[in-house]
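Chemist: Sharing run13.csv, CSV, C-alpha atoms and all ligand atoms:
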chain,number,residue,atom,x,y,z
A,24,MET,CA,-2.2,18.5,1.0
A,25,GLU,CA,-0.8,15.3,2.5
A,26,ALA,CA,2.9,15.1,2.6
A,27,VAL,CA,4.2,13.1,-0.3
A,28,SER,CA,6.1,10.8,2.0
A,29,ASP,CA,2.8,9.7,3.6
A,30,ARG,CA,1.3,8.6,0.3
A,31,ILE,CA,4.3,7.1,-1.4
A,32,LYS,CA,3.7,3.6,-2.6
A,33,HIS,CA,6.0,1.0,-1.2
A,34,LEU,CA,5.6,-1.3,-4.1
A,35,PHE,CA,8.4,-3.8,-4.7
A,36,THR,CA,10.9,-2.3,-2.2
A,37,VAL,CA,14.0,-4.3,-3.0
A,38,SER,CA,16.4,-3.5,-0.2
A,39,LEU,CA,16.9,-0.8,2.4
A,40,GLY,CA,20.6,-0.1,1.6
A,41,ASP,CA,22.5,1.7,4.2
A,42,LEU,CA,20.6,5.0,4.3
A,43,ASN,CA,21.7,7.0,7.3
A,44,PRO,CA,19.1,9.6,8.3
A,45,PHE,CA,21.7,11.7,10.1
A,46,ARG,CA,23.9,12.2,7.0
A,47,ARG,CA,23.1,14.8,4.3
A,48,GLU,CA,21.2,12.8,1.7
A,49,GLU,CA,23.2,11.3,-1.0
A,50,ASN,CA,22.2,11.5,-4.6
A,51,TYR,CA,19.7,9.0,-6.2
A,52,VAL,CA,19.2,8.2,-9.8
A,53,SER,CA,15.8,7.4,-11.2
A,54,VAL,CA,15.8,5.2,-14.3
A,55,ASP,CA,12.8,4.9,-16.6
A,56,ILE,CA,13.5,2.1,-19.1
A,57,GLY,CA,11.1,2.6,-22.0
A,58,SER,CA,11.0,0.7,-25.3
A,59,SER,CA,12.2,3.8,-27.2
A,60,THR,CA,14.4,5.6,-24.7
A,61,ILE,CA,16.0,5.1,-21.3
A,62,LYS,CA,15.5,8.2,-19.2
A,63,VAL,CA,17.4,9.2,-16.1
A,64,ILE,CA,17.2,11.9,-13.5
A,65,GLU,CA,19.7,12.4,-10.7
A,66,ALA,CA,18.2,14.1,-7.7
A,67,ARG,CA,18.6,14.6,-4.0
A,68,THR,CA,16.5,15.9,-1.2
A,69,GLY,CA,17.9,19.0,0.5
A,70,THR,CA,16.6,21.4,3.1
A,71,GLN,CA,14.4,23.0,0.5
A,72,GLY,CA,13.0,19.8,-1.0
A,73,LEU,CA,13.8,17.7,-3.9
A,74,GLU,CA,16.4,19.1,-6.3
A,75,ILE,CA,17.2,17.9,-9.8
A,76,LEU,CA,21.0,17.7,-10.4
A,77,ASN,CA,21.2,16.0,-13.8
A,78,PHE,CA,19.1,14.4,-16.4
A,79,GLY,CA,19.5,12.6,-19.8
A,80,SER,CA,18.2,10.0,-22.1
A,81,VAL,CA,19.5,7.5,-24.7
A,82,ALA,CA,17.9,5.3,-27.3
A,83,THR,CA,16.9,1.8,-26.0
A,84,PRO,CA,18.7,-0.9,-28.0
A,85,SER,CA,16.1,-2.2,-30.5
A,86,SER,CA,14.2,-5.4,-29.4
A,87,ALA,CA,15.7,-5.2,-25.9
A,88,ILE,CA,12.2,-5.0,-24.4
A,89,HIS,CA,9.6,-7.6,-25.1
A,90,SER,CA,6.3,-8.4,-23.3
A,91,ASN,CA,7.0,-5.7,-20.7
A,92,MET,CA,10.3,-7.3,-19.8
A,93,VAL,CA,13.9,-6.5,-20.4
A,94,THR,CA,14.9,-9.4,-22.6
A,95,GLU,CA,18.4,-8.0,-23.3
A,96,PRO,CA,19.6,-6.8,-19.9
A,97,ASP,CA,23.3,-6.6,-21.0
A,98,LEU,CA,22.5,-4.4,-24.0
A,99,VAL,CA,20.2,-2.1,-22.0
A,100,ALA,CA,22.7,-1.9,-19.1
A,101,GLU,CA,25.5,-1.0,-21.5
A,102,ALA,CA,23.4,1.9,-23.0
A,103,LEU,CA,22.5,3.0,-19.5
A,104,ARG,CA,26.1,2.9,-18.3
A,105,GLY,CA,27.1,5.0,-21.3
A,106,LEU,CA,24.4,7.5,-20.5
A,107,LEU,CA,25.4,7.8,-16.8
A,108,ASP,CA,29.1,8.2,-17.8
A,109,ALA,CA,28.3,10.8,-20.5
A,110,LYS,CA,26.3,12.8,-18.0
A,111,GLY,CA,28.7,12.4,-15.2
A,112,ILE,CA,26.0,10.9,-13.0
A,113,ARG,CA,27.7,9.2,-10.0
A,114,ALA,CA,24.8,8.3,-7.9
A,115,ARG,CA,24.6,4.5,-7.4
A,116,LYS,CA,21.3,4.1,-5.6
A,117,ALA,CA,18.7,3.7,-8.2
A,118,ILE,CA,14.9,3.8,-8.4
A,119,THR,CA,13.2,2.2,-11.4
A,120,ALA,CA,9.8,1.0,-12.4
A,121,VAL,CA,8.2,-1.9,-14.2
A,122,PRO,CA,5.6,-1.1,-16.9
A,123,GLY,CA,2.0,-0.8,-15.7
A,124,PRO,CA,0.8,-3.4,-18.2
A,125,ALA,CA,3.0,-6.0,-16.5
A,126,VAL,CA,1.3,-5.3,-13.1
A,127,MET,CA,-1.9,-6.8,-11.8
A,128,ILE,CA,-3.7,-4.2,-9.7
A,129,LYS,CA,-6.7,-4.6,-7.5
A,130,ARG,CA,-8.5,-2.4,-5.0
A,131,VAL,CA,-10.3,-4.1,-2.1
A,132,SER,CA,-12.1,-3.0,1.0
A,133,LEU,CA,-10.9,-4.8,4.1
A,134,PRO,CA,-11.9,-4.6,7.7
A,135,ASN,CA,-9.8,-2.1,9.6
A,136,GLN,CA,-7.6,-4.4,11.7
A,137,GLY,CA,-4.0,-4.8,12.8
A,138,GLN,CA,-1.0,-5.1,10.4
A,139,GLN,CA,-0.8,-8.9,10.7
A,140,GLU,CA,-4.5,-9.4,10.1
A,141,THR,CA,-4.4,-7.0,7.1
A,142,GLU,CA,-1.4,-8.9,5.7
A,143,GLN,CA,-3.3,-12.2,6.0
A,144,ALA,CA,-6.4,-10.7,4.3
A,145,VAL,CA,-4.2,-9.3,1.5
A,146,MET,CA,-2.7,-12.8,0.9
A,147,TYR,CA,-6.2,-14.3,0.8
A,148,GLU,CA,-7.3,-11.6,-1.7
A,149,ALA,CA,-4.1,-12.1,-3.7
A,150,ARG,CA,-4.7,-15.9,-4.1
A,151,ASN,CA,-8.1,-15.1,-5.5
A,152,PHE,CA,-7.2,-12.5,-8.1
A,153,ILE,CA,-3.7,-13.4,-9.2
A,154,PRO,CA,-3.7,-16.1,-11.9
A,155,GLU,CA,-0.2,-17.2,-10.9
A,156,GLU,CA,1.4,-19.2,-8.2
A,157,LEU,CA,2.1,-16.6,-5.5
A,158,ASP,CA,5.7,-17.9,-5.3
A,159,ASN,CA,6.2,-16.5,-8.8
A,160,VAL,CA,5.1,-13.0,-8.1
A,161,ASN,CA,6.2,-9.9,-6.2
A,162,LEU,CA,3.3,-8.8,-4.2
A,163,ASP,CA,2.7,-5.6,-2.4
A,164,PHE,CA,-0.1,-3.6,-0.9
A,165,GLN,CA,-0.8,-0.1,0.3
A,166,ILE,CA,-3.6,1.1,2.6
A,167,MET,CA,-5.1,4.0,0.6
A,168,SER,CA,-7.8,5.4,2.8
A,169,GLY,CA,-9.7,4.9,6.0
A,170,ALA,CA,-9.4,6.8,9.2
A,171,GLU,CA,-7.9,5.0,12.2
A,172,GLU,CA,-11.3,4.4,13.7
A,173,ALA,CA,-13.1,3.5,10.4
A,174,ASP,CA,-14.6,0.1,10.0
A,175,GLU,CA,-13.1,-0.5,6.6
A,176,VAL,CA,-9.9,0.5,4.8
A,177,GLU,CA,-9.3,0.6,1.1
A,178,VAL,CA,-6.3,-1.4,0.1
A,179,LEU,CA,-4.5,-1.3,-3.2
A,180,LEU,CA,-2.9,-4.6,-4.2
A,181,ALA,CA,-0.2,-4.9,-6.9
A,182,ALA,CA,1.6,-7.9,-8.1
A,183,ALA,CA,4.0,-8.6,-11.0
A,184,LYS,CA,5.8,-11.7,-12.1
A,185,LYS,CA,9.2,-12.1,-10.4
A,186,ASP,CA,11.0,-12.6,-13.6
A,187,ILE,CA,9.7,-9.3,-15.0
A,188,VAL,CA,10.6,-7.3,-11.8
A,189,GLY,CA,13.9,-9.2,-11.8
A,190,SER,CA,14.7,-8.2,-15.3
A,191,TYR,CA,14.6,-4.5,-14.4
A,192,GLY,CA,16.6,-5.0,-11.2
A,193,ASP,CA,19.2,-7.1,-12.9
A,194,THR,CA,19.6,-4.6,-15.7
A,195,LEU,CA,20.4,-1.9,-13.2
A,196,ARG,CA,22.8,-4.1,-11.3
A,197,VAL,CA,24.7,-5.0,-14.5
A,198,ALA,CA,25.0,-1.2,-15.1
A,199,GLY,CA,26.7,-0.9,-11.8
A,200,LEU,CA,23.7,0.6,-9.9
A,201,SER,CA,22.0,-0.7,-6.8
A,202,PRO,CA,18.2,-0.8,-7.2
A,203,VAL,CA,16.7,0.3,-3.9
A,204,VAL,CA,13.1,0.7,-5.1
A,205,ILE,CA,11.3,-0.9,-8.0
A,206,ASP,CA,8.0,0.9,-8.5
A,207,VAL,CA,5.2,0.8,-11.1
A,208,ASP,CA,5.1,3.5,-13.7
A,209,TYR,CA,1.4,4.3,-13.0
A,210,PHE,CA,2.2,5.1,-9.4
A,211,ALA,CA,5.3,7.2,-10.3
A,212,LEU,CA,3.0,9.4,-12.4
A,213,ASP,CA,0.7,9.7,-9.5
A,214,ASN,CA,3.6,11.0,-7.3
A,215,MET,CA,4.8,13.3,-10.1
A,216,TYR,CA,1.3,14.8,-10.3
A,217,GLU,CA,1.0,15.2,-6.5
A,218,LEU,CA,4.4,17.0,-6.4
A,219,ASN,CA,3.3,19.5,-8.9
A,220,TYR,CA,-0.4,20.0,-8.7
A,221,ASP,CA,-3.0,20.6,-6.1
A,222,PRO,CA,-6.0,18.5,-6.8
A,223,LEU,CA,-9.2,20.2,-6.0
A,224,GLU,CA,-11.6,18.5,-3.7
A,225,ASN,CA,-13.9,16.2,-5.7
A,226,GLN,CA,-11.9,16.8,-8.8
A,227,VAL,CA,-11.5,13.9,-11.1
A,228,ALA,CA,-8.3,14.1,-13.1
A,229,ALA,CA,-7.1,11.6,-15.7
A,230,LEU,CA,-3.3,11.2,-16.0
A,231,VAL,CA,-2.7,10.0,-19.6
A,232,ASN,CA,0.8,9.0,-20.4
A,233,ILE,CA,1.5,8.4,-24.1
A,234,GLY,CA,4.6,6.3,-24.4
A,235,SER,CA,6.0,4.7,-27.5
A,236,ARG,CA,4.3,1.2,-27.5
A,237,TYR,CA,1.6,1.7,-24.8
A,238,SER,CA,-0.3,4.5,-23.2
A,239,SER,CA,-1.5,4.4,-19.6
A,240,ILE,CA,-4.4,6.0,-17.8
A,241,ASN,CA,-4.5,6.7,-14.1
A,242,ILE,CA,-7.7,8.3,-12.8
A,243,LEU,CA,-7.4,10.3,-9.6
A,244,LYS,CA,-10.3,11.4,-7.5
A,245,ALA,CA,-9.3,14.2,-5.2
A,246,GLY,CA,-5.7,13.1,-5.8
A,247,ARG,CA,-6.2,9.4,-5.1
A,248,SER,CA,-5.8,6.7,-7.7
A,249,THR,CA,-9.1,5.1,-8.4
A,250,PHE,CA,-8.7,3.5,-11.8
A,251,THR,CA,-5.7,2.4,-13.9
A,252,GLY,CA,-5.7,1.0,-17.4
A,253,ASP,CA,-3.5,0.9,-20.5
A,254,VAL,CA,-3.8,0.6,-24.2
A,255,PRO,CA,-1.2,-0.9,-26.5
A,256,VAL,CA,-0.7,2.2,-28.7
A,257,GLY,CA,1.6,5.1,-28.5
A,258,GLY,CA,4.0,7.3,-30.4
A,259,ARG,CA,5.4,4.5,-32.4
A,260,ASP,CA,2.1,3.9,-34.1
A,261,ILE,CA,2.1,7.5,-35.2
A,262,THR,CA,5.6,7.1,-36.6
A,263,GLU,CA,4.6,3.9,-38.4
A,264,ALA,CA,1.6,5.6,-39.9
A,265,LEU,CA,3.8,8.4,-41.4
A,266,MET,CA,6.3,5.8,-42.7
A,267,ARG,CA,3.5,3.9,-44.4
A,268,ASP,CA,1.5,6.7,-45.8
A,269,LEU,CA,4.4,8.9,-46.9
A,270,GLY,CA,6.7,6.0,-47.9
A,271,ILE,CA,9.6,7.2,-45.8
A,272,PRO,CA,12.1,5.6,-43.3
A,273,GLY,CA,11.5,5.7,-39.5
A,274,ASP,CA,14.1,8.5,-38.8
A,275,GLU,CA,12.5,10.8,-41.3
A,276,ALA,CA,9.0,10.1,-39.9
A,277,GLU,CA,10.3,10.9,-36.4
A,278,ARG,CA,11.7,14.2,-37.6
A,279,ILE,CA,8.5,15.1,-39.3
A,280,LYS,CA,6.4,14.2,-36.3
A,281,MET,CA,8.5,16.4,-34.1
A,282,GLY,CA,8.0,19.3,-36.4
A,283,ALA,CA,11.6,19.5,-37.6
A,284,GLY,CA,11.6,21.3,-41.0
A,285,GLY,CA,13.5,20.3,-44.1
A,286,SER,CA,11.1,17.6,-45.3
A,287,ASP,CA,9.8,17.2,-48.9
A,288,PHE,CA,6.2,17.0,-47.8
A,289,ASP,CA,4.0,20.0,-47.4
A,290,GLU,CA,1.8,20.6,-44.3
A,291,GLU,CA,-1.3,19.1,-45.9
A,292,GLN,CA,0.4,15.9,-46.9
A,293,VAL,CA,1.8,15.5,-43.4
A,294,SER,CA,-1.7,16.3,-41.9
A,295,MET,CA,-3.4,13.7,-44.1
A,296,ALA,CA,-1.1,11.0,-42.7
A,297,LEU,CA,-0.9,12.3,-39.1
A,298,ILE,CA,-4.5,13.1,-38.2
A,299,PRO,CA,-6.0,9.6,-38.8
A,300,ALA,CA,-3.2,8.1,-36.7
A,301,VAL,CA,-3.7,10.7,-33.9
A,302,ASP,CA,-7.4,10.0,-34.0
A,303,ALA,CA,-6.9,6.2,-33.8
A,304,LEU,CA,-4.7,6.7,-30.7
A,305,ILE,CA,-7.4,9.0,-29.2
A,306,GLU,CA,-10.0,6.3,-29.8
A,307,GLU,CA,-8.0,3.8,-27.9
A,308,VAL,CA,-7.5,6.1,-25.0
A,309,HIS,CA,-11.2,7.0,-25.1
A,310,TYR,CA,-12.0,3.3,-25.0
A,311,ALA,CA,-9.9,2.8,-21.9
A,312,LEU,CA,-11.5,5.8,-20.3
A,313,SER,CA,-14.9,4.3,-21.1
A,314,PHE,CA,-14.2,1.6,-18.6
A,315,PHE,CA,-13.9,4.2,-15.9
A,316,TRP,CA,-17.2,5.8,-17.1
A,317,THR,CA,-18.9,2.4,-16.9
A,318,ALA,CA,-17.6,1.6,-13.5
A,319,ALA,CA,-18.5,5.1,-12.2
A,320,THR,CA,-21.6,6.0,-14.2
A,321,ASP,CA,-22.3,9.3,-12.5
A,322,GLU,CA,-18.7,10.6,-12.7
A,323,ARG,CA,-17.2,12.9,-15.3
A,324,ILE,CA,-13.5,13.6,-15.8
A,325,ASP,CA,-12.8,17.2,-15.0
A,326,VAL,CA,-9.4,17.5,-16.6
A,327,LEU,CA,-6.8,15.3,-18.4
A,328,TYR,CA,-3.1,15.7,-18.0
A,329,LEU,CA,-1.0,14.4,-20.9
A,330,SER,CA,2.5,13.1,-20.3
A,331,GLY,CA,5.0,10.8,-22.0
A,332,GLY,CA,7.0,11.6,-25.1
A,333,GLY,CA,3.9,11.1,-27.2
A,334,ALA,CA,2.1,13.9,-25.3
A,335,GLN,CA,3.9,16.3,-27.7
A,336,THR,CA,2.4,14.8,-30.8
A,337,PRO,CA,0.9,17.7,-32.9
A,338,GLU,CA,-2.9,17.9,-32.7
A,339,LEU,CA,-3.1,15.3,-30.0
A,340,ALA,CA,-4.0,17.6,-27.0
A,341,ASN,CA,-6.7,19.6,-28.7
A,342,ARG,CA,-8.3,16.6,-30.5
A,343,LEU,CA,-8.3,14.6,-27.3
A,344,ALA,CA,-10.0,17.5,-25.5
A,345,GLU,CA,-12.7,17.5,-28.1
A,346,ARG,CA,-13.3,13.8,-27.9
A,347,ALA,CA,-13.2,13.5,-24.1
A,348,GLU,CA,-15.2,16.7,-23.7
A,349,ALA,CA,-12.8,17.9,-21.0
A,350,PRO,CA,-9.8,20.2,-20.9
A,351,VAL,CA,-6.5,18.7,-21.7
A,352,GLU,CA,-3.3,20.0,-20.2
A,353,VAL,CA,0.2,19.0,-21.1
A,354,THR,CA,1.9,18.1,-17.9
A,355,ASP,CA,4.8,20.1,-16.5
A,356,PRO,CA,6.6,17.5,-14.3
A,357,PHE,CA,9.1,20.1,-13.0
A,358,GLY,CA,6.7,23.0,-12.2
A,359,ARG,CA,7.5,23.0,-8.5
A,360,ILE,CA,10.8,21.2,-8.5
A,361,LEU,CA,14.1,22.9,-7.7
A,362,ILE,CA,16.6,22.6,-10.5
A,363,ASP,CA,20.4,22.9,-10.0
A,364,GLU,CA,22.0,25.8,-11.8
A,365,ASN,CA,24.2,23.4,-13.8
A,366,VAL,CA,21.2,21.8,-15.5
A,367,ASP,CA,20.2,22.9,-18.9
A,368,VAL,CA,16.7,24.0,-17.8
A,369,ALA,CA,15.5,24.9,-21.3
A,370,ALA,CA,16.3,21.5,-22.6
A,371,LEU,CA,14.7,19.8,-19.6
A,372,ARG,CA,11.5,21.8,-20.0
A,373,ARG,CA,11.4,21.2,-23.8
A,374,ARG,CA,11.5,17.5,-23.3
A,375,GLY,CA,9.6,17.7,-20.0
A,376,THR,CA,6.7,15.3,-20.7
A,377,GLU,CA,9.1,12.4,-21.5
A,378,PHE,CA,10.6,12.7,-18.0
A,379,ALA,CA,7.3,12.6,-16.1
A,380,ILE,CA,7.8,9.0,-14.9
A,381,ALA,CA,11.4,9.5,-14.1
A,382,MET,CA,10.4,12.6,-12.1
A,383,GLY,CA,7.8,10.6,-10.2
A,384,LEU,CA,10.3,7.9,-9.4
A,385,ALA,CA,12.8,10.5,-8.1
A,386,VAL,CA,10.6,11.1,-5.0
A,387,ARG,CA,10.7,7.4,-3.9
A,388,ARG,CA,13.1,6.3,-1.2
A,389,PRO,CA,13.6,2.9,0.3
A,390,VAL,CA,11.4,2.7,3.4
A,391,ASP,CA,11.1,0.2,6.2
A,392,LYS,CA,7.5,-1.2,6.0
B,401,LIG,N1,8.4,16.3,-29.7
B,401,LIG,C1,7.7,15.2,-30.0
B,401,LIG,N2,6.7,15.1,-30.8
B,401,LIG,C2,6.0,14.0,-31.0
B,401,LIG,N3,6.3,12.8,-30.5
B,401,LIG,C3,7.4,12.7,-29.7
B,401,LIG,C4,8.2,13.9,-29.4
B,401,LIG,N4,9.2,13.6,-28.6
B,401,LIG,C5,9.0,12.2,-28.4
B,401,LIG,N5,8.0,11.7,-29.1
B,401,LIG,C6,7.5,10.3,-29.2
B,401,LIG,O1,7.3,9.8,-27.9
B,401,LIG,C7,7.6,8.4,-27.9
B,401,LIG,C8,8.5,8.1,-26.7
B,401,LIG,O2,7.9,8.4,-25.5
B,401,LIG,P1,8.4,7.8,-24.2
B,401,LIG,O3,9.8,8.2,-24.0
B,401,LIG,O4,7.4,8.2,-23.2
B,401,LIG,O5,8.2,6.3,-24.5
B,401,LIG,P2,9.0,5.0,-23.9
B,401,LIG,O6,9.0,5.2,-22.4
B,401,LIG,O7,10.4,4.9,-24.5
B,401,LIG,O8,8.1,3.8,-24.4
B,401,LIG,P3,7.2,2.8,-23.6
B,401,LIG,O9,7.0,3.3,-22.2
B,401,LIG,O10,5.9,2.8,-24.4
B,401,LIG,O11,7.9,1.5,-23.7
B,401,LIG,C9,8.2,8.1,-29.2
B,401,LIG,O12,7.2,7.4,-30.0
B,401,LIG,C10,8.6,9.4,-29.8
B,401,LIG,O13,8.5,9.5,-31.2
B,402,MG,MG,7.6,4.7,-21.0
Please lay out the structure from this file as structure tokens.
Ligand SMILES: Nc1ncnc2c1ncn2[C@@H]1O[C@H](COP(=O)(O)OP(=O)(O)OP(=O)(O)O)[C@@H](O)[C@H]1O
Ligand SMILES: [Mg+2]

Modeler:
Amino acid sequence: MEAVSDRIKHLFTVSLGDLNPFRREENYVSVDIGSSTIKVIEARTGTQGLEILNFGSVATPSSAIHSNMVTEPDLVAEALRGLLDAKGIRARKAITAVPGPAVMIKRVSLPNQGQQETEQAVMYEARNFIPEELDNVNLDFQIMSGAEEADEVEVLLAAAKKDIVGSYGDTLRVAGLSPVVIDVDYFALDNMYELNYDPLENQVAALVNIGSRYSSINILKAGRSTFTGDVPVGGRDITEALMRDLGIPGDEAERIKMGAGGSDFDEEQVSMALIPAVDALIEEVHYALSFFWTAATDERIDVLYLSGGGAQTPELANRLAERAEAPVEVTDPFGRILIDENVDVAALRRRGTEFAIAMGLAVRRPVDK
């Protein structure tokens, strides 16, 4: 397996900070700002690898995120600050991500040439595929494959509007953090997967992250991202279906969805409302997967890994397996990660899938490109 550091994406590196390689590594905090919750993990790299020191989450203030952007940075920063204080997280260097749907991604083959020529070719490609003035976007690229002597290299281009990237960075700054890397959630999942799983040669794995308002798909071939897509459905749609069909408020629907007892509805009533909503979500995911099947007609997906808070939705994993005709595994983002003895491991594992993106972000470090 390649070292993670060799494959880490350098997208949207904001600043290098004052990292001193000769000092014992300081703590970093990774921050995943979702529309339903803000999730943080404090970690550091020690002699035995990455170690989780602390984690936590807090509800995102309602309507603070719109069109993949933090539209209420002060409110989100206040909630984040409160979470960091409550958890005693003192790390100041932060790593965060913009939502995949806000990012334009393209894979191109370019002649294998020097750094400067590659950058020029990337700029040329970018002008062609980005429907925005390049001045208004943050653009980055990564060479994904191609041996030194190969004629061509495969390059991944990613771009997001500056005001979107800026809204995440500003939120962190208002919360007193220093954003050193701003990544893309798709790529964070990729890194989380690589940390914890050994992709088999020729294996096609689909990472499916079910969030609250959108779900993302990242298809990896032998561990390399070959396809990304998203659909605008997630856990919130399941909650809304329960609210509507059972005539109950949101908090009760959330409790029922999470299998907490004490509701007035019997299992059958809950199932009748839940199953059609789960199936509707699965159809959307399947639709997004169908683009991969169209683009790669002779490929099949060998395994799907579910993550995101919505991965725990009852009946989702088994029904998705049936629909996609492939095994579905619920991801364990911490399978191979050291966890400090002060961390409530049981709670972390119980809520594991929600922290998949934050875990993937935790491996990122500012790098000089
Ligand atoms: N145990 C559970 N069972 C079912 N659903 C759950 C469970 N835990 C969390 N969820 C659902 O997961 C969703 C939140 O997932 P996640 O934290 O990944 O989303 P988010 O990052 O806040 O949102 P987004 O990325 O879509 O903006 C919510 O809809 C929540 O109801
Ligand atoms: Mg999310």

Chemist: Neighbours of ligand LIG 401 (chain B) within 6 Å, counting only C-alpha atoms and all ligand atoms, as number ranges by chain?

Modeler: A: 57-60, 233-237, 258-259, 277, 280-281, 331-333, 335-336, 377

Chemist: What is the distance, in Å and to one decimal place, between CA of Glu322 in chain A and CA of Ala125 in chain A?

Modeler: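 According to the coordinates, CA of Glu322 in chain A and CA of Ala125 in chain A are separated by 27.6 Å.
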
Chemist: Report as a PDB file with C-alpha atoms, in the frame of the given file which protein, DNA and RNA residues come within 12 Å of ligand MG 402 (chain B), using only C-alpha atoms and all ligand atoms.

Modeler:
ATOM      1  CA  VAL A  54      15.800   5.200 -14.300  1.00  0.00           C
ATOM      2  CA  ASP A  55      12.800   4.900 -16.600  1.00  0.00           C
ATOM      3  CA  ILE A  56      13.500   2.100 -19.100  1.00  0.00           C
ATOM      4  CA  GLY A  57      11.100   2.600 -22.000  1.00  0.00           C
ATOM      5  CA  SER A  58      11.000   0.700 -25.300  1.00  0.00           C
ATOM      6  CA  SER A  59      12.200   3.800 -27.200  1.00  0.00           C
ATOM      7  CA  THR A  60      14.400   5.600 -24.700  1.00  0.00           C
ATOM      8  CA  ILE A  61      16.000   5.100 -21.300  1.00  0.00           C
ATOM      9  CA  LYS A  62      15.500   8.200 -19.200  1.00  0.00           C
ATOM     10  CA  VAL A  63      17.400   9.200 -16.100  1.00  0.00           C
ATOM     11  CA  SER A  80      18.200  10.000 -22.100  1.00  0.00           C
ATOM     12  CA  THR A  83      16.900   1.800 -26.000  1.00  0.00           C
ATOM     13  CA  ILE A  88      12.200  -5.000 -24.400  1.00  0.00           C
ATOM     14  CA  ASN A  91       7.000  -5.700 -20.700  1.00  0.00           C
ATOM     15  CA  THR A 119      13.200   2.200 -11.400  1.00  0.00           C
ATOM     16  CA  ALA A 120       9.800   1.000 -12.400  1.00  0.00           C
ATOM     17  CA  VAL A 121       8.200  -1.900 -14.200  1.00  0.00           C
ATOM     18  CA  PRO A 122       5.600  -1.100 -16.900  1.00  0.00           C
ATOM     19  CA  GLY A 123       2.000  -0.800 -15.700  1.00  0.00           C
ATOM     20  CA  PRO A 124       0.800  -3.400 -18.200  1.00  0.00           C
ATOM     21  CA  VAL A 207       5.200   0.800 -11.100  1.00  0.00           C
ATOM     22  CA  ASP A 208       5.100   3.500 -13.700  1.00  0.00           C
ATOM     23  CA  TYR A 209       1.400   4.300 -13.000  1.00  0.00           C
ATOM     24  CA  ALA A 211       5.300   7.200 -10.300  1.00  0.00           C
ATOM     25  CA  LEU A 212       3.000   9.400 -12.400  1.00  0.00           C
ATOM     26  CA  VAL A 231      -2.700  10.000 -19.600  1.00  0.00           C
ATOM     27  CA  ASN A 232       0.800   9.000 -20.400  1.00  0.00           C
ATOM     28  CA  ILE A 233       1.500   8.400 -24.100  1.00  0.00           C
ATOM     29  CA  GLY A 234       4.600   6.300 -24.400  1.00  0.00           C
ATOM     30  CA  SER A 235       6.000   4.700 -27.500  1.00  0.00           C
ATOM     31  CA  ARG A 236       4.300   1.200 -27.500  1.00  0.00           C
ATOM     32  CA  TYR A 237       1.600   1.700 -24.800  1.00  0.00           C
ATOM     33  CA  SER A 238      -0.300   4.500 -23.200  1.00  0.00           C
ATOM     34  CA  SER A 239      -1.500   4.400 -19.600  1.00  0.00           C
ATOM     35  CA  ASP A 253      -3.500   0.900 -20.500  1.00  0.00           C
ATOM     36  CA  PRO A 255      -1.200  -0.900 -26.500  1.00  0.00           C
ATOM     37  CA  VAL A 256      -0.700   2.200 -28.700  1.00  0.00           C
ATOM     38  CA  GLY A 257       1.600   5.100 -28.500  1.00  0.00           C
ATOM     39  CA  GLY A 258       4.000   7.300 -30.400  1.00  0.00           C
ATOM     40  CA  ARG A 259       5.400   4.500 -32.400  1.00  0.00           C
ATOM     41  CA  SER A 330       2.500  13.100 -20.300  1.00  0.00           C
ATOM     42  CA  GLY A 331       5.000  10.800 -22.000  1.00  0.00           C
ATOM     43  CA  GLY A 332       7.000  11.600 -25.100  1.00  0.00           C
ATOM     44  CA  GLY A 333       3.900  11.100 -27.200  1.00  0.00           C
ATOM     45  CA  ALA A 334       2.100  13.900 -25.300  1.00  0.00           C
ATOM     46  CA  THR A 376       6.700  15.300 -20.700  1.00  0.00           C
ATOM     47  CA  GLU A 377       9.100  12.400 -21.500  1.00  0.00           C
ATOM     48  CA  PHE A 378      10.600  12.700 -18.000  1.00  0.00           C
ATOM     49  CA  ALA A 379       7.300  12.600 -16.100  1.00  0.00           C
ATOM     50  CA  ILE A 380       7.800   9.000 -14.900  1.00  0.00           C
ATOM     51  CA  ALA A 381      11.400   9.500 -14.100  1.00  0.00           C
TER      52      ALA A 381
END

Chemist: Could you list, as an MDAnalysis selection string, every residue within 9 Å of Asp325 in chain A, counting all atoms listed in the file and ignoring same-chain residues fewer than 4 positions away?

Modeler: chainID A and resid 226:229 349:350

Chemist: Smallest atom-to-atom distance to Val204 in chain A: which of A:Phe152, A:Tyr191, A:Phe78, A:Tyr310, using all atoms listed in the file?

Modeler: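 Among the listed residues, the smallest separation from Val204 in chain A belongs to A:Tyr191.
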
Chemist: Mind giving me the straight-line distance from CA of Val160 in chain A to CA of Leu180 in chain A in Å, one decimal?

Modeler: 12.2 Å

Chemist: Can you pull out the residues contacting range 100-107 of chain A? Cut-off 12 Å, using all atoms listed in the file, and skip same-chain residues under 2 positions away; I want them as number ranges by chain.

Modeler: A: 52-57, 60-65, 77-85, 87, 93-98, 109-115, 117, 190-200
